[in-house]
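The data block below is entry-v1.tsv; it holds TSV, C-alpha atoms.
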chain	number	residue	atom	x	y	z
C	1	MET	CA	16.74	-24.15	-24.43
C	2	LEU	CA	13.24	-25.48	-23.85
C	3	VAL	CA	10.24	-23.89	-22.20
C	4	ARG	CA	10.30	-26.37	-19.31
C	5	GLU	CA	13.72	-25.01	-18.29
C	6	VAL	CA	12.48	-21.45	-17.76
C	7	MET	CA	8.80	-21.83	-16.87
C	8	THR	CA	7.33	-21.17	-13.44
C	9	ALA	CA	5.46	-24.11	-11.92
C	10	PRO	CA	3.09	-24.73	-10.30
C	11	VAL	CA	0.89	-21.99	-11.75
C	12	VAL	CA	-1.11	-19.51	-9.71
C	13	THR	CA	-4.65	-19.58	-11.11
C	14	VAL	CA	-7.81	-17.55	-10.68
C	15	PRO	CA	-11.19	-19.34	-10.30
C	16	ARG	CA	-13.74	-18.15	-12.88
C	17	THR	CA	-16.15	-17.28	-10.07
C	18	TRP	CA	-13.86	-14.62	-8.58
C	19	THR	CA	-14.39	-10.89	-8.79
C	20	ALA	CA	-11.87	-8.63	-10.47
C	21	THR	CA	-10.96	-7.23	-7.06
C	22	GLN	CA	-10.09	-10.68	-5.76
C	23	ALA	CA	-7.93	-11.25	-8.83
C	24	VAL	CA	-6.08	-7.94	-8.35
C	25	ARG	CA	-5.33	-8.84	-4.75
C	26	LEU	CA	-3.97	-12.22	-5.81
C	27	LEU	CA	-1.72	-10.69	-8.50
C	28	CYS	CA	-0.37	-8.17	-5.98
C	29	GLU	CA	0.11	-10.78	-3.27
C	30	LYS	CA	1.91	-13.20	-5.57
C	31	ASP	CA	3.78	-10.42	-7.39
C	32	ILE	CA	2.72	-11.60	-10.84
C	33	THR	CA	1.34	-9.70	-13.82
C	34	ALA	CA	-1.17	-12.27	-15.10
C	35	ALA	CA	-2.80	-15.57	-14.16
C	36	PRO	CA	-4.79	-18.21	-16.04
C	37	VAL	CA	-8.51	-18.34	-15.24
C	38	VAL	CA	-9.82	-21.84	-14.59
C	39	ASP	CA	-13.24	-23.44	-14.32
C	40	GLU	CA	-14.45	-25.75	-11.57
C	41	SER	CA	-12.58	-28.70	-13.07
C	42	GLY	CA	-9.30	-26.80	-13.33
C	43	ARG	CA	-9.57	-26.35	-17.11
C	44	MET	CA	-8.13	-23.08	-18.36
C	45	ILE	CA	-10.76	-20.81	-19.92
C	46	GLY	CA	-8.77	-17.60	-20.21
C	47	ILE	CA	-6.03	-15.44	-18.77
C	48	VAL	CA	-6.35	-12.22	-16.82
C	49	SER	CA	-3.61	-9.58	-16.63
C	50	GLU	CA	-3.07	-6.33	-14.75
C	51	MET	CA	-3.89	-4.51	-17.97
C	52	ASP	CA	-7.22	-6.40	-18.38
C	53	LEU	CA	-8.16	-5.64	-14.78
C	54	LEU	CA	-7.27	-1.96	-14.93
C	55	ARG	CA	-9.11	-1.54	-18.24
C	56	GLY	CA	-12.09	-3.36	-16.75
C	57	GLU	CA	-12.14	-1.12	-13.70
C	58	LEU	CA	-11.95	2.04	-15.80
C	59	GLU	CA	-14.41	0.94	-18.45
C	60	ALA	CA	-16.97	-0.73	-16.20
C	61	ASP	CA	-18.69	2.59	-15.63
C	62	PRO	CA	-17.55	5.64	-17.58
C	63	ARG	CA	-19.08	7.89	-14.93
C	64	ALA	CA	-16.75	6.36	-12.40
C	65	TYR	CA	-13.98	8.33	-14.05
C	66	LEU	CA	-15.50	11.49	-12.64
C	67	HIS	CA	-17.30	10.15	-9.61
C	68	PHE	CA	-15.40	7.01	-8.74
C	69	ALA	CA	-16.09	6.91	-5.01
C	70	ALA	CA	-19.84	7.27	-5.40
C	71	ALA	CA	-20.11	5.02	-8.45
C	72	SER	CA	-18.10	2.17	-6.91
C	73	ASP	CA	-20.70	1.79	-4.19
C	74	ALA	CA	-23.53	1.59	-6.71
C	75	ARG	CA	-22.20	-0.76	-9.36
C	76	PRO	CA	-22.14	-4.56	-9.06
C	77	ALA	CA	-18.78	-6.24	-8.55
C	78	LEU	CA	-16.88	-6.74	-11.78
C	79	GLU	CA	-16.34	-10.44	-12.53
C	80	VAL	CA	-13.05	-11.87	-13.73
C	81	GLU	CA	-14.81	-13.49	-16.68
C	82	GLU	CA	-15.92	-10.06	-17.90
C	83	VAL	CA	-12.39	-8.75	-18.29
C	84	MET	CA	-10.23	-11.83	-18.98
C	85	THR	CA	-8.79	-12.67	-22.38
C	86	PRO	CA	-10.33	-15.92	-23.69
C	87	ASN	CA	-8.80	-18.18	-26.37
C	88	VAL	CA	-5.37	-18.15	-24.79
C	89	LYS	CA	-2.28	-18.95	-26.84
C	90	THR	CA	-0.30	-21.71	-25.15
C	91	VAL	CA	3.00	-23.52	-25.61
C	92	ARG	CA	4.20	-27.01	-24.73
C	93	GLU	CA	7.03	-27.83	-22.34
C	94	ASP	CA	9.22	-28.93	-25.23
C	95	THR	CA	8.70	-25.74	-27.25
C	96	ASP	CA	11.93	-23.87	-27.96
C	97	VAL	CA	12.22	-20.73	-25.82
C	98	LEU	CA	13.04	-18.60	-28.86
C	99	GLU	CA	9.72	-19.62	-30.41
C	100	LEU	CA	8.04	-18.55	-27.17
C	101	VAL	CA	9.87	-15.21	-27.13
C	102	GLU	CA	8.70	-14.52	-30.66
C	103	LEU	CA	5.13	-15.29	-29.58
C	104	LEU	CA	5.43	-12.91	-26.63
C	105	VAL	CA	6.74	-10.12	-28.82
C	106	THR	CA	4.61	-10.51	-31.95
C	107	MET	CA	1.37	-11.07	-30.05
C	108	GLY	CA	2.18	-8.45	-27.39
C	109	MET	CA	1.70	-11.06	-24.66
C	110	LYS	CA	3.17	-10.75	-21.19
C	111	SER	CA	2.85	-14.39	-20.17
C	112	VAL	CA	2.13	-17.65	-21.93
C	113	PRO	CA	0.63	-20.70	-20.17
C	114	VAL	CA	2.39	-24.02	-20.68
C	115	VAL	CA	0.22	-27.10	-21.27
C	116	ARG	CA	0.69	-30.84	-21.43
C	117	GLY	CA	-2.32	-32.01	-23.42
C	118	ASP	CA	-5.21	-30.26	-21.68
C	119	GLU	CA	-3.36	-29.93	-18.40
C	120	LEU	CA	-1.94	-26.58	-17.30
C	121	VAL	CA	1.59	-27.32	-16.06
C	122	GLY	CA	3.37	-23.96	-15.97
C	123	ILE	CA	3.56	-20.39	-17.18
C	124	VAL	CA	6.32	-18.31	-18.70
C	125	SER	CA	6.34	-14.57	-18.14
C	126	ARG	CA	8.65	-11.81	-19.28
C	127	ARG	CA	10.13	-11.95	-15.80
C	128	ASP	CA	11.19	-15.57	-16.40
C	129	LEU	CA	12.88	-14.45	-19.63
C	130	MET	CA	14.70	-11.70	-17.72
C	131	ARG	CA	16.19	-14.34	-15.43
C	132	MET	CA	17.29	-16.30	-18.49
C	133	LEU	CA	18.87	-13.23	-20.10
C	134	ALA	CA	20.44	-12.22	-16.78
C	135	ALA	CA	22.22	-15.55	-16.66
C	136	GLY	CA	23.74	-14.95	-20.09
C	137	GLY	CA	26.85	-13.05	-21.12
C	138	ASP	CA	30.39	-13.23	-19.83
C	139	ASP	CA	29.73	-10.75	-17.03
C	140	ALA	CA	27.16	-13.00	-15.39
C	141	ASP	CA	29.21	-13.26	-12.22
C	142	GLN	CA	29.74	-9.52	-11.72
W	1	MET	CA	-6.10	10.26	-5.77
W	2	ARG	CA	-2.90	11.90	-7.00
W	3	ILE	CA	0.23	10.26	-8.31
W	4	SER	CA	2.12	11.82	-5.41
W	5	ASN	CA	0.16	9.49	-3.09
W	6	VAL	CA	1.08	6.25	-4.85
W	7	TYR	CA	4.36	6.63	-6.78
W	8	ARG	CA	7.64	5.08	-5.69
W	9	PRO	CA	10.05	7.90	-4.93
W	10	MET	CA	13.12	6.24	-6.35
W	11	ILE	CA	14.53	5.64	-9.79
W	12	PHE	CA	16.47	2.51	-10.56
W	13	GLY	CA	18.66	2.99	-13.55
W	14	CYS	CA	21.34	1.54	-15.77
W	15	GLN	CA	23.97	3.14	-17.95
W	16	ALA	CA	23.27	3.40	-21.68
W	17	ASP	CA	26.34	1.33	-22.54
W	18	GLU	CA	25.53	-1.55	-20.19
W	19	ARG	CA	24.84	-4.83	-21.90
W	20	LEU	CA	21.43	-6.46	-21.73
W	21	PRO	CA	22.30	-9.33	-19.33
W	22	GLN	CA	23.43	-6.74	-16.78
W	23	VAL	CA	20.25	-4.73	-17.40
W	24	ALA	CA	18.15	-7.88	-16.88
W	25	ARG	CA	20.06	-8.62	-13.66
W	26	ARG	CA	19.36	-5.13	-12.34
W	27	MET	CA	15.64	-5.62	-13.07
W	28	THR	CA	15.45	-9.01	-11.36
W	29	GLU	CA	17.53	-7.92	-8.36
W	30	ARG	CA	15.38	-4.83	-7.84
W	31	ASN	CA	12.20	-6.69	-8.77
W	32	VAL	CA	11.19	-3.94	-11.22
W	33	GLY	CA	10.04	-4.09	-14.83
W	34	ALA	CA	11.59	-0.84	-16.02
W	35	LEU	CA	14.81	1.12	-15.55
W	36	ALA	CA	15.80	4.66	-16.41
W	37	VAL	CA	18.64	4.71	-18.94
W	38	LEU	CA	21.40	7.15	-18.03
W	39	GLU	CA	24.28	8.78	-19.81
W	40	GLY	CA	26.28	9.93	-16.86
W	41	GLU	CA	23.60	11.41	-14.65
W	42	GLN	CA	21.33	12.47	-17.51
W	43	VAL	CA	18.22	10.34	-18.11
W	44	THR	CA	18.05	9.60	-21.83
W	45	GLY	CA	15.35	6.93	-21.91
W	46	VAL	CA	13.59	4.02	-20.29
W	47	ILE	CA	14.13	0.31	-20.87
W	48	THR	CA	11.51	-2.27	-19.91
W	49	GLU	CA	11.08	-6.03	-19.76
W	50	ARG	CA	9.21	-5.76	-23.05
W	51	ASP	CA	12.22	-4.10	-24.71
W	52	LEU	CA	14.48	-6.90	-23.47
W	53	ALA	CA	12.06	-9.56	-24.75
W	54	GLU	CA	12.09	-7.82	-28.13
W	55	ALA	CA	15.88	-7.86	-28.14
W	56	MET	CA	15.83	-11.59	-27.40
W	57	ALA	CA	13.41	-12.12	-30.29
W	58	THR	CA	15.19	-10.00	-32.87
W	59	CYS	CA	18.91	-10.09	-32.05
W	60	ARG	CA	21.16	-12.93	-33.05
W	61	ASP	CA	23.31	-12.37	-29.95
W	62	PRO	CA	21.37	-10.22	-27.44
W	63	VAL	CA	24.00	-10.59	-24.71
W	64	THR	CA	26.34	-8.28	-26.64
W	65	VAL	CA	23.76	-5.53	-27.17
W	66	THR	CA	23.68	-2.38	-25.04
W	67	ALA	CA	20.72	-0.83	-23.23
W	68	ALA	CA	20.80	2.19	-25.53
W	69	ALA	CA	19.98	0.04	-28.56
W	70	PHE	CA	16.58	-1.01	-27.18
W	71	ALA	CA	15.67	1.79	-24.79
W	72	SER	CA	12.75	4.01	-25.57
W	73	THR	CA	13.88	7.61	-25.80
W	74	GLU	CA	10.36	8.99	-26.05
W	75	LEU	CA	9.73	9.60	-22.36
W	76	ARG	CA	6.08	9.39	-21.33
W	77	THR	CA	5.96	10.73	-17.82
W	78	ALA	CA	3.34	11.18	-15.12
W	79	ARG	CA	3.17	14.39	-13.13
W	80	LEU	CA	3.16	14.31	-9.35
W	81	ASP	CA	-0.11	16.22	-9.21
W	82	GLU	CA	-1.82	14.16	-11.94
W	83	ASP	CA	-4.92	12.09	-11.14
W	84	THR	CA	-4.17	8.36	-10.88
W	85	ARG	CA	-7.07	7.51	-13.19
W	86	ASP	CA	-5.78	9.87	-15.89
W	87	VAL	CA	-2.40	8.17	-15.71
W	88	ALA	CA	-4.03	4.72	-15.76
W	89	ARG	CA	-5.84	5.68	-18.95
W	90	ARG	CA	-2.66	7.00	-20.52
W	91	MET	CA	-0.87	3.77	-19.65
W	92	LEU	CA	-3.62	1.68	-21.24
W	93	GLU	CA	-3.67	3.84	-24.37
W	94	ALA	CA	0.10	3.63	-24.72
W	95	GLY	CA	0.21	-0.05	-23.74
W	96	VAL	CA	2.87	0.56	-21.09
W	97	ARG	CA	3.03	-0.67	-17.50
W	98	HIS	CA	5.46	1.87	-16.09
W	99	MET	CA	5.88	5.63	-16.21
W	100	PRO	CA	8.62	7.79	-14.75
W	101	VAL	CA	7.25	10.52	-12.48
W	102	ASP	CA	8.18	14.07	-13.26
W	103	GLU	CA	8.31	17.12	-11.00
W	104	ASP	CA	9.18	20.37	-12.75
W	105	GLY	CA	11.13	18.57	-15.45
W	106	ARG	CA	13.04	16.38	-13.00
W	107	LEU	CA	12.43	12.63	-12.66
W	108	VAL	CA	11.60	11.86	-9.05
W	109	GLY	CA	10.30	8.30	-9.17
W	110	MET	CA	8.34	5.66	-11.00
W	111	VAL	CA	4.72	4.56	-11.01
W	112	SER	CA	3.56	1.19	-12.27
W	113	MET	CA	0.25	-0.26	-13.37
W	114	ARG	CA	0.48	-2.43	-10.26
W	115	ASP	CA	0.56	0.69	-8.05
W	116	LEU	CA	-2.51	2.08	-9.80
W	117	LEU	CA	-4.39	-1.22	-9.61
W	118	ALA	CA	-3.69	-1.36	-5.89
W	119	VAL	CA	-5.28	2.08	-5.53
W	120	GLU	CA	-8.40	0.90	-7.37
W	121	THR	CA	-8.64	-2.27	-5.33
W	122	TRP	CA	-8.11	-0.83	-1.90
W	123	ALA	CA	-10.27	2.17	-2.68
W	124	SER	CA	-13.22	-0.03	-3.61
Show this structure as structure tokens.
Amino acid sequence: MLVREVMTAPVVTVPRTWTATQAVRLLCEKDITAAPVVDESGRMIGIVSEMDLLRGELEADPRAYLHFAAASDARPALEVEEVMTPNVKTVREDTDVLELVELLVTMGMKSVPVVRGDELVGIVSRRDLMRMLAAGGDDADQ
Amino acid sequence: MRISNVYRPMIFGCQADERLPQVARRMTERNVGALAVLEGEQVTGVITERDLAEAMATCRDPVTVTAAAFASTELRTARLDEDTRDVARRMLEAGVRHMPVDEDGRLVGMVSMRDLLAVETWAS
């Protein structure tokens, strides 16, 4: 099976100019765990996940751990670019899914963007793999 | 904010001898990333999307494998009265996105990184 058969497209992306809070709201609204971050021309410059955002929120100001309410008013808004993971691993549409699964597991990734040349054409998350696994086995119709 | 304010007071589970496709179906139907693994009514572990991905990567025929083979039996739990930020830190340290919620040794629900992020976002 190839990546194009399991990927989600089109991809929900986060503009590089967004704050972390805007990104969290988008992930919650779209019910996704990560989204590619794109520049003004739509080129992918990173990926931001729930884990990146939560770590960013907690590490932005160590004092916030003790005095979160007061500190959140004082500190500047955290930018997506500050917490995203740059240098994203990608796969092509014709990559074998098993190769992708190995990448997810060995690199500890939760989602992998799918590219055609420089163009972002899809994304595969663990959730997509769950659907694939769910369709397998001889009890699929139970 | 306490875990009791944000956790989901329900546990979705699967039996330890259920095969992985059925486990994956339960996750997608319930739209959750983790299930309690049960032997009868006793919780013996937790199985997550990550565990299923690992099974797909390492097993020749993952559709024949049971939940018990890939479930984590080391239960990391959050307490109802625990601070959400303490739990968020423990999740990040452990690299997990879900934790069962414990009240006096009894599992009463589940809390996810998504729930904790929502707290941070709507609190700010």
Please list as a PyMOL selection string every residue within 6 Å of region 83-86 of chain C, counting only C-alpha atoms and excluding residues in the same chain fewer than 2 positions away. chain C and resi 46-48+52+56+80-81+88
Rows by chain and residue number, region 42-139 of chain C within 9 Å of region 24-36 of chain C, shortest pair, only C-alpha atoms, as a tab-separated table:
residue	atom	partner	partner_atom	distance
C:Met44	CA	C:Pro36	CA	6.3
C:Ile45	CA	C:Pro36	CA	7.6
C:Gly46	CA	C:Pro36	CA	5.8
C:Ile47	CA	C:Pro36	CA	4.1
C:Val48	CA	C:Ala34	CA	5.5
C:Ser49	CA	C:Ala34	CA	3.9
C:Glu50	CA	C:Thr33	CA	5.6
C:Met51	CA	C:Thr33	CA	8.5
C:Leu53	CA	C:Val24	CA	7.1
C:Leu54	CA	C:Val24	CA	9.0
C:Met84	CA	C:Pro36	CA	8.9
C:Val88	CA	C:Pro36	CA	8.8
C:Lys110	CA	C:Ala34	CA	7.6
C:Ser111	CA	C:Ala34	CA	6.8
C:Pro113	CA	C:Pro36	CA	7.3
C:Leu120	CA	C:Pro36	CA	8.9
C:Ile123	CA	C:Ala35	CA	8.5
C:Ser125	CA	C:Thr33	CA	8.2
C:Arg127	CA	C:Ile32	CA	8.9
Near Val112 (chain C), within 8 Å and counting all atoms listed in the file, which residues show up once chain neighbours fewer than 3 positions away are dropped, as a ChimeraX atom specification? /C:89-91,100,104,109,123-125
Could you write out the selected residues, including C-alpha atoms, as a short mmCIF file (atom, residue, chain, number, x, y, z; two decimals), in the frame of the given file?
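So result_19.cif came out as:
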data_model
loop_
_atom_site.label_atom_id
_atom_site.label_comp_id
_atom_site.auth_asym_id
_atom_site.auth_seq_id
_atom_site.Cartn_x
_atom_site.Cartn_y
_atom_site.Cartn_z
CA LYS C 89 -2.28 -18.95 -26.84
CA THR C 90 -0.30 -21.71 -25.15
CA VAL C 91 3.00 -23.52 -25.61
CA LEU C 100 8.04 -18.55 -27.17
CA LEU C 104 5.43 -12.91 -26.63
CA MET C 109 1.70 -11.06 -24.66
CA ILE C 123 3.56 -20.39 -17.18
CA VAL C 124 6.32 -18.31 -18.70
CA SER C 125 6.34 -14.57 -18.14
#
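If you look at CA of Arg43 (chain C) and CA of Thr21 (chain C), they are 21.6 Å away from each other.
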Within 6 Å of chain W: residues of chain C, using all atoms listed in the file, as JSON, numbers by chain: {"C": [21, 101, 102, 105, 130, 133, 134, 136, 137]}
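Within 12 Å of the point (15.8, 3.0, -7.9), counting all atoms listed in the file, the protein and nucleic acid residues come to Arg8, Pro9, Met10, Ile11, Phe12, Gly13, Cys14, Arg26, Met27, Glu29, Arg30, Asn31, Val32, Gly33, Ala34, Leu35, Ala36, Val37, Pro100, Leu107, Val108, Gly109, Met110 and Val111 of chain W.
Within 7 Å of Thr77 (chain W), once only C-alpha atoms are used and residues closer than 2 positions along the same chain are dropped, the contacting residues are W:Leu75, W:Arg79, W:Met99, W:Pro100, W:Val101, W:Asp102.
Our summary of the geometry notes that CA of Phe70 (chain W) is positioned 12.0 Å from CA of Thr44 (chain W).
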CA of Gly108 (chain C) sits from CA of Met1 (chain C) at a separation of 21.6 Å
Write out as a PDB file with C-alpha atoms, keeping the file's coordinate frame the residues lying within 9 Å of Gly40 (chain W), counting all atoms listed in the file and excluding same-chain residues fewer than 2 positions away.
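Saved the output as out.pdb:
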ATOM      1  CA  GLN W  15      23.970   3.140 -17.950  1.00  0.00           C
ATOM      2  CA  ALA W  16      23.270   3.400 -21.680  1.00  0.00           C
ATOM      3  CA  LEU W  38      21.400   7.150 -18.030  1.00  0.00           C
ATOM      4  CA  GLN W  42      21.330  12.470 -17.510  1.00  0.00           C
ATOM      5  CA  VAL W  43      18.220  10.340 -18.110  1.00  0.00           C
TER       6      VAL W  43
END
When you write region 14-41 of chain C out from the block above, keep N, CA, C and O atoms and present the result as a CSV table (one decimal), in the first residue's frame, please.
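What ended up in decode.csv:
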chain,number,residue,atom,x,y,z
C,14,VAL,N,-0.6,25.9,9.4
C,14,VAL,CA,-0.5,27.0,10.3
C,14,VAL,C,0.4,28.0,9.7
C,14,VAL,O,1.6,27.7,9.4
C,15,PRO,N,0.0,29.3,9.5
C,15,PRO,CA,0.9,30.3,9.0
C,15,PRO,C,2.0,30.6,10.1
C,15,PRO,O,1.7,30.6,11.3
C,16,ARG,N,3.2,30.9,9.6
C,16,ARG,CA,4.3,31.2,10.5
C,16,ARG,C,4.1,32.4,11.4
C,16,ARG,O,4.7,32.5,12.4
C,17,THR,N,3.2,33.2,11.0
C,17,THR,CA,3.0,34.5,11.8
C,17,THR,C,2.0,34.3,12.9
C,17,THR,O,1.8,35.2,13.7
C,18,TRP,N,1.4,33.1,13.1
C,18,TRP,CA,0.5,32.8,14.1
C,18,TRP,C,1.1,32.7,15.5
C,18,TRP,O,2.3,32.3,15.6
C,19,THR,N,0.3,33.0,16.5
C,19,THR,CA,0.8,32.7,17.9
C,19,THR,C,0.5,31.2,18.2
C,19,THR,O,-0.3,30.6,17.6
C,20,ALA,N,1.2,30.8,19.3
C,20,ALA,CA,1.0,29.4,19.7
C,20,ALA,C,-0.5,29.2,20.1
C,20,ALA,O,-1.1,28.1,19.8
C,21,THR,N,-1.1,30.2,20.7
C,21,THR,CA,-2.5,30.1,21.1
C,21,THR,C,-3.4,29.8,19.9
C,21,THR,O,-4.3,29.0,19.9
C,22,GLN,N,-3.2,30.6,18.8
C,22,GLN,CA,-4.0,30.4,17.6
C,22,GLN,C,-3.8,29.0,17.1
C,22,GLN,O,-4.7,28.3,16.6
C,23,ALA,N,-2.6,28.5,17.2
C,23,ALA,CA,-2.3,27.1,16.7
C,23,ALA,C,-3.0,26.1,17.5
C,23,ALA,O,-3.6,25.1,17.0
C,24,VAL,N,-3.0,26.3,18.8
C,24,VAL,CA,-3.7,25.3,19.7
C,24,VAL,C,-5.2,25.3,19.3
C,24,VAL,O,-5.8,24.2,19.2
C,25,ARG,N,-5.7,26.4,19.1
C,25,ARG,CA,-7.2,26.5,18.8
C,25,ARG,C,-7.5,25.8,17.5
C,25,ARG,O,-8.5,25.1,17.4
C,26,LEU,N,-6.6,25.9,16.5
C,26,LEU,CA,-6.8,25.3,15.3
C,26,LEU,C,-6.7,23.8,15.4
C,26,LEU,O,-7.5,23.0,14.9
C,27,LEU,N,-5.7,23.3,16.2
C,27,LEU,CA,-5.6,21.8,16.4
C,27,LEU,C,-6.8,21.3,17.1
C,27,LEU,O,-7.3,20.2,16.7
C,28,CYS,N,-7.3,22.0,18.1
C,28,CYS,CA,-8.5,21.5,18.8
C,28,CYS,C,-9.7,21.5,17.8
C,28,CYS,O,-10.5,20.6,17.8
C,29,GLU,N,-9.9,22.6,17.1
C,29,GLU,CA,-11.0,22.8,16.2
C,29,GLU,C,-11.0,21.7,15.1
C,29,GLU,O,-12.1,21.1,14.8
C,30,LYS,N,-9.9,21.4,14.6
C,30,LYS,CA,-9.8,20.4,13.5
C,30,LYS,C,-9.6,19.0,14.0
C,30,LYS,O,-9.5,18.1,13.2
C,31,ASP,N,-9.4,18.9,15.3
C,31,ASP,CA,-9.2,17.6,15.9
C,31,ASP,C,-8.0,16.8,15.3
C,31,ASP,O,-8.1,15.7,14.9
C,32,ILE,N,-6.9,17.6,15.3
C,32,ILE,CA,-5.6,17.0,14.8
C,32,ILE,C,-4.5,17.2,15.8
C,32,ILE,O,-4.6,18.1,16.7
C,33,THR,N,-3.5,16.4,15.7
C,33,THR,CA,-2.4,16.5,16.8
C,33,THR,C,-1.2,17.3,16.3
C,33,THR,O,-0.4,17.7,17.1
C,34,ALA,N,-1.1,17.6,15.0
C,34,ALA,CA,0.0,18.4,14.5
C,34,ALA,C,-0.4,19.0,13.2
C,34,ALA,O,-1.3,18.5,12.5
C,35,ALA,N,0.3,20.1,12.8
C,35,ALA,CA,0.1,20.7,11.5
C,35,ALA,C,1.4,21.3,11.0
C,35,ALA,O,2.2,21.9,11.8
C,36,PRO,N,1.6,21.2,9.7
C,36,PRO,CA,2.8,21.9,9.1
C,36,PRO,C,2.7,23.4,9.2
C,36,PRO,O,1.6,24.0,9.2
C,37,VAL,N,3.8,24.0,9.4
C,37,VAL,CA,3.9,25.5,9.5
C,37,VAL,C,4.4,26.0,8.1
C,37,VAL,O,5.4,25.5,7.6
C,38,VAL,N,3.7,27.0,7.6
C,38,VAL,CA,4.0,27.4,6.2
C,38,VAL,C,4.4,28.9,6.2
C,38,VAL,O,3.8,29.7,7.1
C,39,ASP,N,5.2,29.3,5.3
C,39,ASP,CA,5.5,30.7,5.1
C,39,ASP,C,4.5,31.4,4.2
C,39,ASP,O,3.5,30.8,3.8
C,40,GLU,N,4.7,32.6,3.9
C,40,GLU,CA,3.8,33.4,3.1
C,40,GLU,C,3.5,32.8,1.7
C,40,GLU,O,2.4,33.0,1.1
C,41,SER,N,4.5,32.1,1.2
C,41,SER,CA,4.3,31.5,-0.1
C,41,SER,C,3.7,30.1,-0.1
C,41,SER,O,3.6,29.4,-1.1
